[in-house]
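The next block holds one structure in the form of structure tokens; read it before the comments.
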Amino acid sequence: MKLRYLFSIVLSTVLLFAGCVKEGPTGSYDNIKLSQTYLSIPEEGGSVEVTLTATEAWSFVSSKTWPEVITEKDGEEARTPSWLSAASVMSGEAGEYKITFSAEASANGHEIDIEVKAGSNTQILRVRQGSLEASSATCAEIIAGPDGKTYRTKGTCTAIANTTYGNWYLKDATGEVYIYGTLDAKGAEKNFTSLGIEVGDVVEVEGPKTTYGSTIELVNVTVIKITKSLAKVLTESKTYPIEGGEFAVKVAYKGSNFNPSVPEEYRDWASVVDVKTIAGVPSKIETNPADTAVVTVKLFPNAGGDRKGQINFASGSSKVFYEFTQEGAIIETTASEINAAEDGDTQYRITGYVSQIANTKYGNLYIKDHTGEVFVYGTNNFSDSGIEEGDIITVVGPKTSHNGAPQMKNVTVENRIDVQDIDVASFKALADDAETWYRLKGKVIKSTETGAKFDLETYGNFGLQDATGDVYVYGVVPGWGGASKQFATLGVKEGDIITIVAHKGSYKGVNQATSAFYVSHEAGETPEEPETPETPASNVITFTPEQMPEAYPKEAAEFTIGTTVCEILNVAYFEQYSTGIQMKKGGSYILTKSSVGKIKSIKLYNLEGKTWDKDRLTLYVGTDANPATVVAISSADENSSVYEITGDYTHFKLLNDSQNAVNMEKIEITVE
């Protein structure tokens with residue numbers, strides 16, 4: 001509940017000036033008495049003392065304005081010391097106490113009511129610093145001025161929020177302030193309608209400034225003067241469709257010089273196309289009735305986001321306006337694009353991972369995708385949304401800023417995807433599921449699964465290990481919506497602890513985390529590489545690009561690798577165009593004419609940046625040169641094919657008779 005200042009003009013005139021106090025307790029109770037109920041501190045600052053006598057336990061009551069001022073910033077409470085320091089003694093048992101209050105020097109008048117409670121009784125102590133004489137100010141000066149100071153200002157009533165207490169908006173050429181509470185002609189509350197204030201009237205008011213959350217307010221103002229408007233908008237503000245069109249605004253006015261106009265900033269998409277007037281009919285009750293103008297406004301189609309417009313109406317010295325909104329397209333975008341966008345009414349749609357919920361009351365949270373992170377200040381119906389950290393959500397809202405920091409504000413949630421935390425063993429026990437998302441956390445290791453690849457430079461293929469086991473991760477993109485082959489940009493190393501979100505999949509009976517995207521990682525211990533016994537050179541025969549001719553041979557050509565005699569056709573190394581072994585489409589081969597020994601395996605390495613398709617190649621093995629009957633079968637991934645050879649075969653032939661060229665980094669033949 002807000003603490004509101006309640007005081008009358010009469011009371012303001014009887015309070016003494018700086019350094020004076022009004023002697024004698026007022027409204028004292030048997031169980032709690034104050035030597036003074038009014039204290040005053042001079043502008044130059046200082047301390048004052050009051051004597052409190054109680055017959056039972058007592059305490060001062062803390063509020064949002066004392067002893068700390070509590071405001072809300074980004075959905076969180078911010079606390080700053082009040083201009084009046086806390087009492088030297090804030091509570092006690094029965095007895096007599098000398099209590100001191102202090103304030104720093106201030107040229108602005110301050111006043112505050114402090115409550116002290118004993119049993120069921122509450123005593124009020126009012127403390128003032130300096131003079132509360134009102135200062136004439138514009139709305140901009142009020143906004144920039146200190147809380148607690150009393151201002152007198154004049155502006156147009158633009159909207160009325162509450163007709164009981166008198167909550168409304170006052171606007172002048174410099175800005176707008178909110179009026180929270182309006183006293184009637186006798187200084188009473190809850191009688192706003194007796195004043196007859198309407199939208200469009202020019203009103204002069206006086207009252208103290210306060211800040212509630214981010215709203216600048218004048219509180220329980222006294223009305224000095226009301227100048228009735230000669231024009232009044234009769235049509236309620238509306239939202240008009242994206243395709244545009246015409247709509248009518250009705251305005252009641254008095255006088256002969258009614259004039260509608262479109263502000264310059266809206267003229268490229270809104271215009272006044274017609275004005276018709278209807279004369280008022282005099283009666284015994286109203287001898288000078290208002291005329292009615294029907295103003296037709298045309299809107300052009302809106303290719304951007306939602307936009308707000310305004311039409312101004314003038315009659316004599318009175319000016320009123322009609323505000324409206326035109327629907328716009330919703331722009332699909334990313335976190336980085338939203339952060340870089342201009343503030344305004346344009347609606348943006350973003351999907352991403354909820355990396356943090358900053359405030360569960362208002363729904364302040366962070367959405368992260370592959371481009372960065374955007375802060376959301378306020379989520380509509382957050383308490384009913386079920387959103388938790390780690391969920392994948394889609395929201396729509398405008399881009400705004402707070403103190404120069406970009407944010408989205410008051411977004412609407414269009415979709416929420418639940419992400420389930422799970423350990424590796426439970427994940428591997430699941431059936432394959434390309435719909436449900438799971439969050440896994442563990443150490444980056446080299447997987448021992450059949451066909452698994454360890455790749456932290458391109459795709460992000462590795463084993464993920466936690467206390468329950470390990471699972472092969474088949475590719476990771478750098479955040480929601482990210483592209484593949486960008487894993488190296490994340491800086492993940494073997495031994496690091498990584499968090500990913502993935503689907504459960506499998507390949508040839510091997511469990512896998514698929515369609516994964518990166519969430520975060522932290523440095524871990526890099527394992528020492530085990531010493532691997534060197535394979536004798538005689539056991540591995542390697543074909544490299546440099547061993548190939550620089551152009552396709554016009555006919556079959558022989559060459560020797562070690563003691564092995566080989567033959568090629570339409571195979572070359574084009575250093576200018578390709579850095580690998582290139583086998584021409586439509587008929588090319590590599591074969592051995594002499595024995596290489598018993599072949600154990602043959603591995604083909606794809607050339608980086610090229611598409612790999614094992615089905616473009618056929619591998620024959622045999623015991624004589626140029627074998628053409630026994631076909632070897634390979635296992636493959638995106639970058640290689642491995643042929644495990646069983647049998648006493650000593651020769652091979654690699655054939656490309658497809659309609660696509662094949663580019664390889666190298667060929668390795670392992671023999672006994």
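Following the order of the structure tokens, first chain is A, next is B, and so on, with residues numbered from 1 inside each chain and ligands from 1 in the order they appear.
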| query | In region 146-352 of chain A, what's strand (DSSP E or B) per DSSP? Answer as a PyMOL selection string? | reply | chain A and resi 150-162+167-172+175-182+202-212+215-227+231-233+239-240+245-253+259-261+270-278+291-299+307-315+318-326+330-332+347-352
| task | Tell me, as a list in words, which residues lie within 7 Å of region 51-68 of chain A, counting only C-alpha atoms; anything in the same chain fewer than 5 positions away does not count. | result |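 Using only C-alpha atoms, the neighbours found are Leu3, Asn31, Ile32, Lys33, Leu34, Ser35, Arg79, Thr80, Pro81, Ser82, Ser85, Ala86, Met90, Ser91, Gly92, Glu93, Ala94, Gly95, Glu96, Tyr97, Lys98, Ile99, Glu115, Val116, Lys117 and Ala118 of chain A.
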Considering only C-alpha atoms, return as an mmCIF file with N, CA and C atoms, in the first residue's frame whatever protein or nucleic-acid residues lie within 8 Å of Glu522 (chain A), sequence-local ones (same chain, fewer than 5 positions apart) excluded.
data_model
loop_
_atom_site.group_PDB
_atom_site.id
_atom_site.type_symbol
_atom_site.label_atom_id
_atom_site.label_comp_id
_atom_site.auth_asym_id
_atom_site.auth_seq_id
_atom_site.Cartn_x
_atom_site.Cartn_y
_atom_site.Cartn_z
ATOM 1 N N ASP A 496 36.006 -30.303 -20.455
ATOM 2 C CA ASP A 496 35.092 -29.256 -19.995
ATOM 3 C C ASP A 496 33.745 -29.855 -19.603
ATOM 4 N N ILE A 497 33.027 -29.136 -18.738
ATOM 5 C CA ILE A 497 31.670 -29.534 -18.343
ATOM 6 C C ILE A 497 30.698 -28.726 -19.192
ATOM 7 N N ILE A 498 29.914 -29.416 -19.975
ATOM 8 C CA ILE A 498 29.029 -28.754 -20.933
ATOM 9 C C ILE A 498 27.570 -29.063 -20.621
#
| field | 10 Å contact set for region 378-392 of chain A, only C-alpha atoms, chain neighbours under 2 positions out, as a PyMOL selection string | value | chain A and resi 74-75+351-369+375-376+394-397+407-421+437-439+480+501+519
| query | Which polymer residues have any atom within 12 Å of an atom of Ser658 (chain A), counting only C-alpha atoms, with same-chain residues fewer than 2 positions away left out, as number ranges by chain? | reply | A: 583-589, 613-618, 655-656, 660-662
